[in-house]
file final.cif (mmCIF, C-alpha atoms and all ligand atoms)
data_final
loop_
_atom_site.label_atom_id
_atom_site.label_comp_id
_atom_site.auth_asym_id
_atom_site.auth_seq_id
_atom_site.Cartn_x
_atom_site.Cartn_y
_atom_site.Cartn_z
CA MET G 1 -3.02 19.06 -26.76
CA THR G 2 -6.24 19.51 -24.79
CA ALA G 3 -8.56 17.10 -23.05
CA SER G 4 -10.83 15.35 -25.48
CA PRO G 5 -14.47 16.25 -24.81
CA GLU G 6 -15.38 12.68 -25.85
CA TYR G 7 -13.46 11.26 -22.94
CA THR G 8 -16.35 10.13 -20.81
CA GLY G 9 -15.16 7.52 -18.42
CA HIS G 10 -14.28 3.97 -18.05
CA THR G 11 -14.96 0.36 -18.07
CA GLN G 12 -13.21 -1.67 -15.46
CA GLY G 13 -12.98 -5.41 -15.86
CA GLY G 14 -15.61 -5.05 -18.56
CA GLU G 15 -18.14 -3.38 -16.29
CA GLN G 16 -19.33 0.17 -16.77
CA ILE G 17 -18.28 2.76 -14.21
CA ARG G 18 -20.78 5.52 -13.85
CA HIS G 19 -18.37 8.43 -13.97
CA ILE G 20 -18.25 11.14 -16.54
CA MET G 21 -14.81 12.69 -16.57
CA SER G 22 -13.12 15.12 -18.88
CA ARG G 23 -9.65 14.21 -17.63
CA ILE G 24 -7.77 10.95 -17.35
CA PRO G 25 -7.57 10.58 -13.58
CA LEU G 26 -4.84 8.81 -11.59
CA ALA G 27 -7.38 6.48 -10.00
CA VAL G 28 -11.01 5.50 -10.56
CA PRO G 29 -13.18 4.01 -7.85
CA PHE G 30 -14.90 0.81 -8.88
CA TRP G 31 -18.33 -0.34 -7.90
CA ASP G 32 -21.00 -2.33 -9.65
CA GLU G 33 -24.43 -3.72 -8.87
CA GLU G 34 -22.90 -6.60 -6.91
CA CYS G 35 -21.09 -4.11 -4.62
CA GLU G 36 -24.35 -2.22 -4.11
CA LYS G 37 -26.25 -5.41 -3.33
CA ALA G 38 -23.54 -6.55 -0.92
CA ALA G 39 -23.62 -3.19 0.90
CA ILE G 40 -27.40 -3.31 1.18
CA ARG G 41 -27.28 -6.91 2.37
CA ALA G 42 -24.89 -5.90 5.18
CA LEU G 43 -26.97 -2.84 6.02
CA SER G 44 -30.29 -4.62 6.09
CA SER G 45 -28.91 -7.47 8.20
CA GLY G 46 -28.93 -4.96 11.06
CA GLN G 47 -25.57 -6.30 12.18
CA TRP G 48 -23.35 -3.41 11.18
CA VAL G 49 -20.23 -4.47 13.09
CA LYS G 50 -18.65 -7.72 14.29
CA GLY G 51 -20.65 -9.80 11.85
CA PRO G 52 -20.10 -12.47 9.21
CA GLU G 53 -18.91 -10.18 6.39
CA ALA G 54 -15.70 -9.07 8.14
CA LYS G 55 -14.98 -12.67 9.21
CA LYS G 56 -15.44 -13.94 5.66
CA PHE G 57 -13.48 -11.05 4.14
CA GLY G 58 -10.52 -11.83 6.42
CA LYS G 59 -10.67 -15.52 5.57
CA GLU G 60 -10.97 -14.94 1.82
CA PHE G 61 -8.18 -12.35 1.80
CA ALA G 62 -5.83 -14.70 3.70
CA GLU G 63 -6.59 -17.50 1.23
CA TRP G 64 -5.97 -15.17 -1.69
CA CYS G 65 -2.58 -13.90 -0.53
CA GLY G 66 -1.38 -17.06 1.22
CA ALA G 67 -1.21 -15.72 4.80
CA ILE G 68 -2.37 -17.86 7.71
CA THR G 69 -4.79 -15.20 8.91
CA ALA G 70 -5.99 -11.77 7.84
CA VAL G 71 -7.79 -9.23 10.01
CA PRO G 72 -9.82 -6.44 8.42
CA CYS G 73 -9.36 -3.04 10.07
CA HIS G 74 -9.94 0.70 9.70
CA SER G 75 -7.04 1.64 7.41
CA GLY G 76 -3.51 0.86 6.33
CA SER G 77 -2.28 3.17 9.09
CA ALA G 78 -4.33 1.26 11.68
CA ALA G 79 -2.87 -1.99 10.31
CA LEU G 80 0.66 -0.64 10.80
CA TRP G 81 -0.14 0.41 14.38
CA ALA G 82 -1.55 -3.07 15.08
CA ALA G 83 1.62 -4.61 13.59
CA MET G 84 3.72 -2.60 16.07
CA ARG G 85 1.53 -3.75 18.96
CA VAL G 86 1.46 -7.43 18.02
CA LEU G 87 5.27 -7.46 17.72
CA GLU G 88 5.52 -5.70 21.10
CA ILE G 89 7.51 -2.80 19.69
CA GLY G 90 7.68 0.22 21.99
CA PRO G 91 9.89 2.69 23.82
CA GLY G 92 13.61 1.88 23.52
CA ASP G 93 13.15 -0.07 20.26
CA GLU G 94 14.27 0.95 16.79
CA VAL G 95 12.56 0.01 13.55
CA ILE G 96 14.33 0.54 10.22
CA VAL G 97 12.10 2.11 7.57
CA PRO G 98 12.75 3.50 4.08
CA GLY G 99 13.37 7.24 3.84
CA MET G 100 11.02 7.50 0.88
CA THR G 101 7.51 6.18 1.48
CA PHE G 102 4.13 7.43 2.63
CA ILE G 103 4.62 9.02 6.04
CA ALA G 104 2.46 6.45 7.90
CA THR G 105 5.21 3.83 7.51
CA ALA G 106 7.40 5.92 9.82
CA THR G 107 4.77 7.50 12.07
CA SER G 108 3.35 4.07 13.00
CA VAL G 109 6.70 3.44 14.72
CA SER G 110 6.69 6.83 16.46
CA LEU G 111 3.08 6.35 17.62
CA VAL G 112 4.08 3.40 19.82
CA GLY G 113 7.00 5.36 21.30
CA ALA G 114 9.72 3.57 19.29
CA GLN G 115 12.25 5.25 17.01
CA PRO G 116 12.03 4.99 13.22
CA VAL G 117 15.52 4.77 11.73
CA PHE G 118 15.56 5.92 8.12
CA ALA G 119 17.48 3.90 5.53
CA ASP G 120 18.18 5.00 1.98
CA ILE G 121 16.38 3.52 -1.01
CA GLU G 122 17.71 1.63 -4.03
CA LYS G 123 18.56 3.77 -7.06
CA ASP G 124 16.85 1.43 -9.53
CA TYR G 125 13.83 -0.04 -7.74
CA TRP G 126 13.14 2.71 -5.16
CA CYS G 127 12.57 0.22 -2.30
CA ILE G 128 14.55 0.21 0.97
CA CYS G 129 18.27 -0.52 0.32
CA PRO G 130 19.47 -3.78 1.96
CA ASP G 131 23.09 -2.56 2.33
CA ASP G 132 21.95 0.59 4.07
CA ILE G 133 19.72 -1.46 6.38
CA ILE G 134 22.76 -3.51 7.47
CA SER G 135 24.68 -0.33 8.32
CA LYS G 136 21.80 0.86 10.51
CA ILE G 137 21.21 -2.25 12.65
CA THR G 138 21.97 -1.67 16.34
CA PRO G 139 21.26 -3.75 19.47
CA LYS G 140 18.00 -1.77 19.75
CA THR G 141 16.73 -2.76 16.29
CA LYS G 142 13.64 -4.90 16.54
CA ALA G 143 12.12 -4.88 13.06
CA ILE G 144 12.41 -3.73 9.48
CA ILE G 145 9.46 -2.31 7.60
CA GLY G 146 9.92 -3.01 3.91
CA VAL G 147 7.57 -1.09 1.65
CA HIS G 148 6.63 -2.56 -1.73
CA ILE G 149 6.74 0.96 -3.09
CA PHE G 150 4.25 1.69 -5.89
CA GLY G 151 3.72 -2.11 -6.12
CA GLN G 152 7.41 -3.03 -6.70
CA ALA G 153 8.46 -5.90 -4.41
CA PHE G 154 11.24 -5.13 -1.96
CA SER G 155 14.49 -7.14 -2.14
CA SER G 156 14.48 -10.79 -1.01
CA ARG G 157 17.60 -9.85 1.02
CA LEU G 158 15.31 -8.29 3.64
CA ARG G 159 14.18 -11.75 4.75
CA GLU G 160 17.79 -12.95 5.01
CA ILE G 161 18.85 -9.86 6.97
CA CYS G 162 15.96 -10.31 9.41
CA ASP G 163 16.68 -14.02 9.88
CA GLN G 164 20.41 -13.41 10.43
CA ASN G 165 19.79 -10.65 12.98
CA GLY G 166 16.71 -11.94 14.78
CA LEU G 167 14.48 -9.12 13.50
CA TRP G 168 10.82 -9.08 12.54
CA LEU G 169 10.01 -8.38 8.90
CA ILE G 170 6.94 -6.18 8.43
CA GLU G 171 5.60 -5.65 4.93
CA ASP G 172 4.01 -2.31 4.22
CA ALA G 173 1.86 -3.69 1.42
CA ALA G 174 -0.48 -0.69 1.29
CA GLN G 175 0.37 -0.29 -2.41
CA ALA G 176 1.00 -3.94 -3.17
CA HIS G 177 -2.17 -5.99 -3.56
CA GLY G 178 -0.97 -8.57 -6.08
CA THR G 179 2.80 -7.95 -5.85
CA THR G 180 4.80 -11.18 -5.80
CA LEU G 181 8.36 -12.03 -4.72
CA ALA G 182 9.74 -15.42 -5.78
CA GLY G 183 6.18 -16.52 -6.47
CA VAL G 184 4.92 -15.51 -3.00
CA LYS G 185 2.27 -12.80 -2.78
CA ALA G 186 2.63 -9.68 -0.64
CA GLY G 187 0.90 -10.51 2.60
CA ALA G 188 2.76 -13.82 2.94
CA ILE G 189 6.35 -12.61 2.46
CA GLY G 190 7.02 -11.06 5.86
CA ASP G 191 6.00 -11.96 9.41
CA VAL G 192 3.21 -9.38 9.39
CA ALA G 193 1.85 -7.37 6.45
CA CYS G 194 -0.32 -4.27 6.26
CA PHE G 195 -2.65 -3.37 3.40
CA SER G 196 -4.68 -0.24 2.71
CA PHE G 197 -8.04 -0.05 0.97
CA PHE G 198 -7.93 3.74 0.54
CA PRO G 199 -10.13 4.49 -2.50
CA SER G 200 -7.21 4.92 -4.93
CA LYS G 201 -5.60 1.58 -4.04
CA ASN G 202 -5.64 -1.56 -6.23
CA MET G 203 -8.80 -2.63 -4.42
CA ALA G 204 -11.04 -0.71 -2.04
CA VAL G 205 -14.00 -1.02 0.32
CA GLY G 206 -16.12 2.07 -0.37
CA GLY G 207 -14.42 4.17 2.32
CA GLU G 208 -11.42 3.83 4.60
CA GLY G 209 -10.15 0.31 5.23
CA GLY G 210 -7.15 -1.90 5.81
CA MET G 211 -6.05 -5.49 6.41
CA ILE G 212 -3.36 -7.02 8.61
CA THR G 213 -2.03 -10.44 7.71
CA THR G 214 0.48 -12.73 9.35
CA THR G 215 2.45 -15.86 8.53
CA VAL G 216 3.38 -16.53 12.17
CA PRO G 217 0.89 -18.89 13.88
CA ASP G 218 1.61 -17.48 17.36
CA LEU G 219 0.60 -13.97 16.30
CA ALA G 220 -2.72 -14.84 14.67
CA GLU G 221 -5.00 -14.87 17.69
CA ARG G 222 -3.43 -11.75 19.20
CA LEU G 223 -3.92 -9.83 15.96
CA HIS G 224 -7.64 -10.54 16.10
CA MET G 225 -7.71 -9.29 19.70
CA ILE G 226 -5.66 -6.11 19.16
CA VAL G 227 -8.24 -4.67 16.73
CA ASN G 228 -10.89 -5.34 19.37
CA HIS G 229 -9.55 -3.75 22.59
CA GLY G 230 -7.21 -6.68 23.26
CA ARG G 231 -10.26 -8.66 24.41
CA THR G 232 -10.72 -12.39 24.67
CA ASP G 233 -14.05 -14.17 24.15
CA THR G 234 -14.80 -13.68 27.85
CA LEU G 235 -14.58 -9.90 27.27
CA GLU G 236 -11.50 -9.52 29.40
CA SER G 237 -8.90 -7.15 27.91
CA VAL G 238 -5.63 -9.00 28.22
CA GLU G 239 -3.46 -6.59 26.25
CA LEU G 240 -3.51 -3.06 24.95
CA GLY G 241 -5.64 -2.73 21.85
CA THR G 242 -8.35 -0.45 20.60
CA ASN G 243 -11.30 -0.47 18.23
CA LEU G 244 -9.87 -0.83 14.75
CA ARG G 245 -12.64 -3.10 13.43
CA MET G 246 -13.91 -2.83 9.86
CA SER G 247 -17.65 -2.23 9.38
CA GLU G 248 -19.79 -4.93 7.81
CA VAL G 249 -20.75 -2.70 4.86
CA SER G 250 -17.08 -2.09 4.00
CA ALA G 251 -16.22 -5.78 4.38
CA ALA G 252 -19.13 -6.79 2.14
CA ILE G 253 -17.90 -4.40 -0.57
CA GLY G 254 -14.32 -5.61 -0.10
CA ARG G 255 -15.40 -9.21 -0.65
CA VAL G 256 -16.87 -8.31 -4.04
CA GLN G 257 -13.75 -6.34 -5.01
CA LEU G 258 -11.53 -9.27 -4.06
CA LYS G 259 -13.22 -11.34 -6.75
CA HIS G 260 -11.97 -8.85 -9.38
CA ILE G 261 -8.48 -8.19 -8.07
CA GLU G 262 -6.55 -10.68 -10.24
CA LYS G 263 -8.18 -9.40 -13.42
CA TRP G 264 -7.50 -5.77 -12.42
CA ILE G 265 -3.84 -6.48 -11.70
CA ASP G 266 -3.48 -8.22 -15.06
CA LYS G 267 -4.91 -5.11 -16.68
CA ARG G 268 -2.52 -2.84 -14.73
CA ARG G 269 0.38 -5.02 -15.94
CA GLU G 270 -0.85 -4.88 -19.52
CA ASN G 271 -1.22 -1.08 -19.32
CA ALA G 272 2.23 -0.68 -17.75
CA SER G 273 3.78 -2.73 -20.57
CA MET G 274 2.41 -0.23 -23.11
CA ILE G 275 3.42 3.03 -21.39
CA ASN G 276 6.63 4.77 -22.51
CA GLY G 277 9.39 4.91 -19.90
CA THR G 278 7.97 2.22 -17.60
CA PRO G 279 10.43 1.72 -14.71
CA MET G 280 12.43 -1.48 -14.21
CA VAL G 281 10.83 -4.44 -12.45
CA ARG G 282 12.99 -6.48 -10.05
CA GLU G 283 13.95 -9.95 -11.23
CA ASN G 284 11.88 -12.86 -9.90
CA THR G 285 9.04 -10.52 -8.88
CA GLU G 286 5.76 -9.27 -10.29
CA HIS G 287 4.89 -5.59 -9.97
CA ALA G 288 1.33 -4.69 -8.98
CA TRP G 289 1.54 -1.22 -10.59
CA HIS G 290 -0.37 0.69 -7.95
CA GLN G 291 1.48 3.68 -9.37
CA LEU G 292 3.54 3.96 -12.50
CA CYS G 293 6.13 6.63 -11.79
CA ILE G 294 8.32 8.18 -14.45
CA LEU G 295 11.74 9.40 -13.37
CA SER G 296 11.82 12.93 -14.73
CA GLU G 297 14.62 15.50 -15.10
CA ASN G 298 11.99 18.20 -14.97
CA PRO G 299 8.92 17.04 -13.06
CA GLY G 300 7.30 20.50 -13.09
CA ASN G 301 7.34 20.57 -16.91
CA LEU G 302 6.12 16.98 -17.14
CA ILE G 303 3.17 17.70 -14.86
CA SER G 304 2.23 20.78 -16.84
CA ASP G 305 2.48 18.85 -20.15
CA LEU G 306 0.25 16.15 -18.65
CA THR G 307 -2.19 18.78 -17.36
CA ASN G 308 -2.37 20.45 -20.76
CA ALA G 309 -3.18 17.07 -22.30
CA GLY G 310 -5.97 16.47 -19.78
CA ILE G 311 -4.06 13.85 -17.80
CA ASP G 312 -3.60 13.85 -14.05
CA GLY G 313 -0.03 13.40 -12.81
CA ARG G 314 1.46 13.71 -9.36
CA VAL G 315 4.86 13.70 -7.67
CA TYR G 316 5.46 10.80 -5.28
CA TYR G 317 6.96 11.77 -2.86
CA PRO G 318 7.90 15.43 -2.74
CA LEU G 319 9.89 15.09 0.51
CA PRO G 320 11.80 12.21 2.17
CA CYS G 321 10.13 11.22 5.46
CA ASN G 322 13.04 12.30 7.67
CA LYS G 323 12.76 15.84 6.26
CA HIS G 324 9.09 16.30 7.24
CA SER G 325 8.73 18.81 10.06
CA VAL G 326 7.06 16.16 12.23
CA TYR G 327 10.60 14.75 12.44
CA SER G 328 12.33 18.09 13.14
CA GLY G 329 13.62 16.66 16.42
CA HIS G 330 14.75 13.36 14.89
CA PRO G 331 18.53 12.73 14.79
CA GLN G 332 18.31 12.07 11.04
CA HIS G 333 16.24 15.17 10.21
CA ARG G 334 19.11 17.04 8.58
CA ILE G 335 21.15 14.15 7.23
CA SER G 336 21.19 13.18 3.59
CA LEU G 337 19.93 9.84 2.35
CA PRO G 338 21.43 10.37 -1.12
CA ASN G 339 19.01 8.34 -3.24
CA CYS G 340 15.97 9.59 -1.32
CA ASP G 341 17.16 13.17 -1.76
CA GLU G 342 17.79 12.67 -5.44
CA LEU G 343 14.59 10.79 -6.25
CA ALA G 344 12.09 12.57 -4.01
CA SER G 345 10.32 15.18 -6.14
CA ARG G 346 11.49 13.59 -9.43
CA LEU G 347 9.07 10.65 -9.67
CA VAL G 348 5.87 11.56 -11.48
CA ALA G 349 2.94 9.13 -11.36
CA VAL G 350 0.89 8.80 -14.55
CA PRO G 351 -2.39 6.87 -14.83
CA VAL G 352 -2.00 3.07 -15.12
CA HIS G 353 -5.30 1.95 -13.56
CA PRO G 354 -7.42 -0.81 -15.12
CA ALA G 355 -10.08 1.59 -16.41
CA LEU G 356 -7.74 3.06 -19.05
CA HIS G 357 -8.71 2.70 -22.70
CA GLN G 358 -6.23 2.20 -25.52
CA GLY G 359 -6.84 5.83 -26.54
CA ASP G 360 -5.91 7.00 -23.02
CA ILE G 361 -2.63 5.13 -23.21
CA GLU G 362 -1.87 6.72 -26.57
CA ARG G 363 -2.61 10.13 -25.07
CA ILE G 364 -0.32 9.44 -22.09
CA ASN G 365 2.42 8.20 -24.44
CA SER G 366 2.11 11.28 -26.63
CA VAL G 367 3.14 13.37 -23.59
CA LEU G 368 5.86 10.98 -22.46
CA ARG G 369 7.36 11.18 -25.94
CA LEU G 370 7.72 15.01 -25.74
C1 LIG P 401 3.01 2.91 1.67
C2 LIG P 401 1.79 3.27 2.47
N1 LIG P 401 1.73 2.92 3.77
C3 LIG P 401 0.65 3.19 4.53
C4 LIG P 401 -0.44 3.85 4.01
C5 LIG P 401 -1.58 4.19 4.91
O1 LIG P 401 -2.79 3.65 4.47
P1 LIG P 401 -4.20 4.37 4.85
O2 LIG P 401 -4.29 5.62 4.03
O3 LIG P 401 -5.23 3.36 4.49
O4 LIG P 401 -4.14 4.64 6.30
C6 LIG P 401 -0.44 4.22 2.66
C7 LIG P 401 -1.59 4.94 2.08
O5 LIG P 401 -1.48 5.70 1.15
C8 LIG P 401 0.71 3.94 1.87
O6 LIG P 401 0.76 4.27 0.57
#

call {"tool": "encode", "arguments": {"input": "final.cif", "output": "C-alpha cells", "more": "lines below"}}
Ligand SMILES: Cc1ncc(COP(=O)(O)O)c(C=O)c1O
result
Amino acid sequence: MTASPEYTGHTQGGEQIRHIMSRIPLAVPFWDEECEKAAIRALSSGQWVKGPEAKKFGKEFAEWCGAITAVPCHSGSAALWAAMRVLEIGPGDEVIVPGMTFIATATSVSLVGAQPVFADIEKDYWCICPDDIISKITPKTKAIIGVHIFGQAFSSRLREICDQNGLWLIEDAAQAHGTTLAGVKAGAIGDVACFSFFPSKNMAVGGEGGMITTTVPDLAERLHMIVNHGRTDTLESVELGTNLRMSEVSAAIGRVQLKHIEKWIDKRRENASMINGTPMVRENTEHAWHQLCILSENPGNLISDLTNAGIDGRVYYPLPCNKHSVYSGHPQHRISLPNCDELASRLVAVPVHPALHQGDIERINSVLRL
C-alpha cells in the first residue's frame, strides 16, 4: 500500500489547516485566524514580555484544569526544574521517577543536584509502578514524579503513598492535557504539575512553552517568583530562580488553543476508540491520547509497514532512562527494571491526533490488521 496522492491535509475542530501532506503525520500543528490575530495583538501591543496575555493564560489554564494557580513558562523541562526549586529539592535528596519516560523527567532531578531513583513501570498501563515505588523509598526520598505517560493517568495509589510517607507528588503532565483521574484533571491531581506545549503536544503555543500548576496555596506565590529570578514586587531576589517567563505572543496563541482543547481531546478519544489494538485505559480515568502506542512483537516490521502505507510511526521510548549514557555513573545504570526493559523499544506510536479523517483511520487500521 502506498501513500494516497489525494491525502492533502486536515481539518482540526472543523477548521482548515493549511498543510499539504502526502503522509499521515504523528502530529499536526494547529493555528487559525484567531491565533494569528492574537499573536499580532500581542506583538503590536509593544509589550512582548511580562504583560497581560501571560497573566490571563495562567489564570485561564488554572481554571480549566482545577489548579489554584498556573504559571506559564519556557517549556515542560523548565516547568520540571521550577517544580524542583519550589519544593526545595536539592543535593542529598532522592526523587523517584519512572524508568520509562521522556528523559527530562529524570534530568530535572539531576539538574538541581538531587538523585533520580528509577522505578519500574506497570505492565498494563506503562505508568510508574506503585509497588516498585514503595520498595525504593528511603529516608532521603523527598518526592515522586508520576508521569501520565502518553496521556494515561498514573495510579491513584501514588497520592496515598505520598501522603503516608510525607512525600511531594509531582505530576509530569507534559503529555496529559485533558487526562483525568477520579474526575480530577491532570494539573490538579498532585501538589505541583508540569505541562509542555511543544508543538506536537495536545495543545501548543506556536513555539516552545510550558505551564506549572499547583494545588498547594503556600507554593503559589513562590512559583510565580521562581520563573522571574526569585524576585518580589520590590525587585529583590529572595530565592534562587531564573528567567523562565513565557513571551506574550506565545501566551496569546496558547489562550486561543485553550478554547479548543476539550473538543480536540474528544476527537482524540473518538479516534482512539476506532483504532485496532488500542491499549487498555485505567479504570476511573480518562486518557488524553497524546500518543496511541501499539505493543508490537516486531516494532521494526510495524514501522516499515506503516511507512510503506504512508503513515508515520515511532518507537516510544527506545531506551529506559537509566540506560542512557548521561546516567553511566548512576548506581542503577546497569540494573534491570524488567517491565521497562521489556517494553522500551516495543511501543510504536501511530497517529491519533484530531486532524485525522475517517479514511486515515481506515488506512492505519489496514496496517494494524496485517
Ligand atoms: C513526559 C515528558 N516530560 C517532559 C517533557 C519536556 O517538555 P519540553 O519538551 O516542553 O521541555 C516532555 C516533552 O516531550 C515529555 O514528554

call {"tool": "residues_near_ligand", "arguments": {"input": "final.cif", "ligand": "ligand LIG 401 (chain P)", "cutoff": "7 Å", "atoms": "all atoms listed in the file", "output": "mmCIF file with C-alpha atoms, in the coordinates of the input"}}
result
data_model
loop_
_atom_site.group_PDB
_atom_site.id
_atom_site.type_symbol
_atom_site.label_atom_id
_atom_site.label_comp_id
_atom_site.auth_asym_id
_atom_site.auth_seq_id
_atom_site.Cartn_x
_atom_site.Cartn_y
_atom_site.Cartn_z
ATOM 1 C CA SER G 75 -7.040 1.640 7.410
ATOM 2 C CA GLY G 76 -3.510 0.860 6.330
ATOM 3 C CA SER G 77 -2.280 3.170 9.090
ATOM 4 C CA ALA G 78 -4.330 1.260 11.680
ATOM 5 C CA THR G 101 7.510 6.180 1.480
ATOM 6 C CA PHE G 102 4.130 7.430 2.630
ATOM 7 C CA ALA G 104 2.460 6.450 7.900
ATOM 8 C CA THR G 105 5.210 3.830 7.510
ATOM 9 C CA VAL G 147 7.570 -1.090 1.650
ATOM 10 C CA ILE G 149 6.740 0.960 -3.090
ATOM 11 C CA ASP G 172 4.010 -2.310 4.220
ATOM 12 C CA ALA G 173 1.860 -3.690 1.420
ATOM 13 C CA ALA G 174 -0.480 -0.690 1.290
ATOM 14 C CA GLN G 175 0.370 -0.290 -2.410
ATOM 15 C CA SER G 196 -4.680 -0.240 2.710
ATOM 16 C CA PHE G 197 -8.040 -0.050 0.970
ATOM 17 C CA PHE G 198 -7.930 3.740 0.540
ATOM 18 C CA GLU G 208 -11.420 3.830 4.600
ATOM 19 C CA GLY G 209 -10.150 0.310 5.230
ATOM 20 C CA GLY G 210 -7.150 -1.900 5.810
#

call {"tool": "closest_residue", "arguments": {"input": "final.cif", "among": "G:Leu181, G:Pro217, G:Ala119, G:Ile253", "to": "Cys35 in chain G", "atoms": "all atoms listed in the file"}}
result
G:Ile253

call {"tool": "closest_residue", "arguments": {"input": "final.cif", "among": "G:Ala153, G:Ile134, G:Leu240, G:Ile144", "to": "Trp289 in chain G", "atoms": "all atoms listed in the file"}}
result
G:Ala153

call {"tool": "residues_around", "arguments": {"input": "final.cif", "residues": "Val49 in chain G", "least_positions_apart": "6", "cutoff": "9 Å", "atoms": "all atoms listed in the file", "output": "number ranges by chain"}}
result
G: 245-249

call {"tool": "closest_residue", "arguments": {"input": "final.cif", "among": "G:Glu171, G:Leu223, G:Gly207, G:Ile265", "to": "Ile68 in chain G", "atoms": "all atoms listed in the file"}}
result
G:Leu223

call {"tool": "closest_residue", "arguments": {"input": "final.cif", "among": "G:Ile161, G:Ile96, G:Leu169, G:Met274", "to": "Ala83 in chain G", "atoms": "only C-alpha atoms"}}
result
G:Leu169

call {"tool": "closest_residue", "arguments": {"input": "final.cif", "among": "G:Ala309, G:Pro25, G:Lys140, G:Asp131", "to": "Arg157 in chain G", "atoms": "only C-alpha atoms"}}
result
G:Asp131

call {"tool": "residues_around", "arguments": {"input": "final.cif", "residues": "Arg41 in chain G", "least_positions_apart": "2", "cutoff": "12 Å", "atoms": "all atoms listed in the file", "output": "PDB file with C-alpha atoms, in the coordinates of the input"}}
result
ATOM      1  CA  GLU G  34     -22.900  -6.600  -6.910  1.00  0.00           C
ATOM      2  CA  CYS G  35     -21.090  -4.110  -4.620  1.00  0.00           C
ATOM      3  CA  GLU G  36     -24.350  -2.220  -4.110  1.00  0.00           C
ATOM      4  CA  LYS G  37     -26.250  -5.410  -3.330  1.00  0.00           C
ATOM      5  CA  ALA G  38     -23.540  -6.550  -0.920  1.00  0.00           C
ATOM      6  CA  ALA G  39     -23.620  -3.190   0.900  1.00  0.00           C
ATOM      7  CA  LEU G  43     -26.970  -2.840   6.020  1.00  0.00           C
ATOM      8  CA  SER G  44     -30.290  -4.620   6.090  1.00  0.00           C
ATOM      9  CA  SER G  45     -28.910  -7.470   8.200  1.00  0.00           C
ATOM     10  CA  GLY G  46     -28.930  -4.960  11.060  1.00  0.00           C
ATOM     11  CA  GLN G  47     -25.570  -6.300  12.180  1.00  0.00           C
ATOM     12  CA  TRP G  48     -23.350  -3.410  11.180  1.00  0.00           C
ATOM     13  CA  GLY G  51     -20.650  -9.800  11.850  1.00  0.00           C
ATOM     14  CA  PRO G  52     -20.100 -12.470   9.210  1.00  0.00           C
ATOM     15  CA  GLU G  53     -18.910 -10.180   6.390  1.00  0.00           C
ATOM     16  CA  GLU G 248     -19.790  -4.930   7.810  1.00  0.00           C
ATOM     17  CA  VAL G 249     -20.750  -2.700   4.860  1.00  0.00           C
ATOM     18  CA  SER G 250     -17.080  -2.090   4.000  1.00  0.00           C
ATOM     19  CA  ALA G 251     -16.220  -5.780   4.380  1.00  0.00           C
ATOM     20  CA  ALA G 252     -19.130  -6.790   2.140  1.00  0.00           C
ATOM     21  CA  ILE G 253     -17.900  -4.400  -0.570  1.00  0.00           C
TER      22      ILE G 253
END

call {"tool": "residues_around", "arguments": {"input": "final.cif", "residues": "Thr278 in chain G", "least_positions_apart": "3", "cutoff": "8 Å", "atoms": "only C-alpha atoms", "output": "PyMOL selection string"}}
result
chain G and resi 272-273+275+292-294

call {"tool": "atom_distance", "arguments": {"input": "final.cif", "atom1": "CA of Glu122 in chain G", "atom2": "CA of Asn322 in chain G"}}
result
16.5 Å

call {"tool": "closest_residue", "arguments": {"input": "final.cif", "among": "G:Lys185, G:Glu63, G:Ala70, G:Val117", "to": "Val216 in chain G", "atoms": "all atoms listed in the file"}}
result
G:Ala70

call {"tool": "residues_around", "arguments": {"input": "final.cif", "residues": "Trp64 in chain G", "least_positions_apart": "4", "cutoff": "9 Å", "atoms": "only C-alpha atoms", "output": "list in words"}}
result
Lys59, Glu60, Lys185 and Leu258 of chain G

call {"tool": "write_last_selection", "arguments": {"input": "final.cif", "atoms": "C-alpha atoms", "output": "short mmCIF file (atom, residue, chain, number, x, y, z; two decimals), in the coordinates of the input"}}
result
data_model
loop_
_atom_site.label_atom_id
_atom_site.label_comp_id
_atom_site.auth_asym_id
_atom_site.auth_seq_id
_atom_site.Cartn_x
_atom_site.Cartn_y
_atom_site.Cartn_z
CA LYS G 59 -10.67 -15.52 5.57
CA GLU G 60 -10.97 -14.94 1.82
CA LYS G 185 2.27 -12.80 -2.78
CA LEU G 258 -11.53 -9.27 -4.06
#

call {"tool": "atom_distance", "arguments": {"input": "final.cif", "atom1": "CA of Lys259 in chain G", "atom2": "CA of Gly183 in chain G"}}
result
20.1 Å

call {"tool": "axis_aligned_box", "arguments": {"input": "final.cif", "around": "range 243-258 of chain G", "padding_each_side": "5 Å", "output": "AutoDock Vina command-line options"}}
result
--center_x -15.3 --center_y -4.9 --center_z 6.6 --size_x 20.9 --size_y 18.8 --size_z 33.2

call {"tool": "residues_near_point", "arguments": {"input": "final.cif", "point": "(9.6, 7.6, 20.3)", "cutoff": "12 Å", "atoms": "all atoms listed in the file", "output": "PDB file with C-alpha atoms, keeping the file's coordinate frame"}}
result
ATOM      1  CA  ILE G  89       7.510  -2.800  19.690  1.00  0.00           C
ATOM      2  CA  GLY G  90       7.680   0.220  21.990  1.00  0.00           C
ATOM      3  CA  PRO G  91       9.890   2.690  23.820  1.00  0.00           C
ATOM      4  CA  GLY G  92      13.610   1.880  23.520  1.00  0.00           C
ATOM      5  CA  ASP G  93      13.150  -0.070  20.260  1.00  0.00           C
ATOM      6  CA  GLU G  94      14.270   0.950  16.790  1.00  0.00           C
ATOM      7  CA  VAL G  95      12.560   0.010  13.550  1.00  0.00           C
ATOM      8  CA  ALA G 106       7.400   5.920   9.820  1.00  0.00           C
ATOM      9  CA  THR G 107       4.770   7.500  12.070  1.00  0.00           C
ATOM     10  CA  SER G 108       3.350   4.070  13.000  1.00  0.00           C
ATOM     11  CA  VAL G 109       6.700   3.440  14.720  1.00  0.00           C
ATOM     12  CA  SER G 110       6.690   6.830  16.460  1.00  0.00           C
ATOM     13  CA  LEU G 111       3.080   6.350  17.620  1.00  0.00           C
ATOM     14  CA  VAL G 112       4.080   3.400  19.820  1.00  0.00           C
ATOM     15  CA  GLY G 113       7.000   5.360  21.300  1.00  0.00           C
ATOM     16  CA  ALA G 114       9.720   3.570  19.290  1.00  0.00           C
ATOM     17  CA  GLN G 115      12.250   5.250  17.010  1.00  0.00           C
ATOM     18  CA  PRO G 116      12.030   4.990  13.220  1.00  0.00           C
ATOM     19  CA  VAL G 117      15.520   4.770  11.730  1.00  0.00           C
ATOM     20  CA  TYR G 327      10.600  14.750  12.440  1.00  0.00           C
ATOM     21  CA  GLY G 329      13.620  16.660  16.420  1.00  0.00           C
ATOM     22  CA  HIS G 330      14.750  13.360  14.890  1.00  0.00           C
ATOM     23  CA  PRO G 331      18.530  12.730  14.790  1.00  0.00           C
TER      24      PRO G 331
END
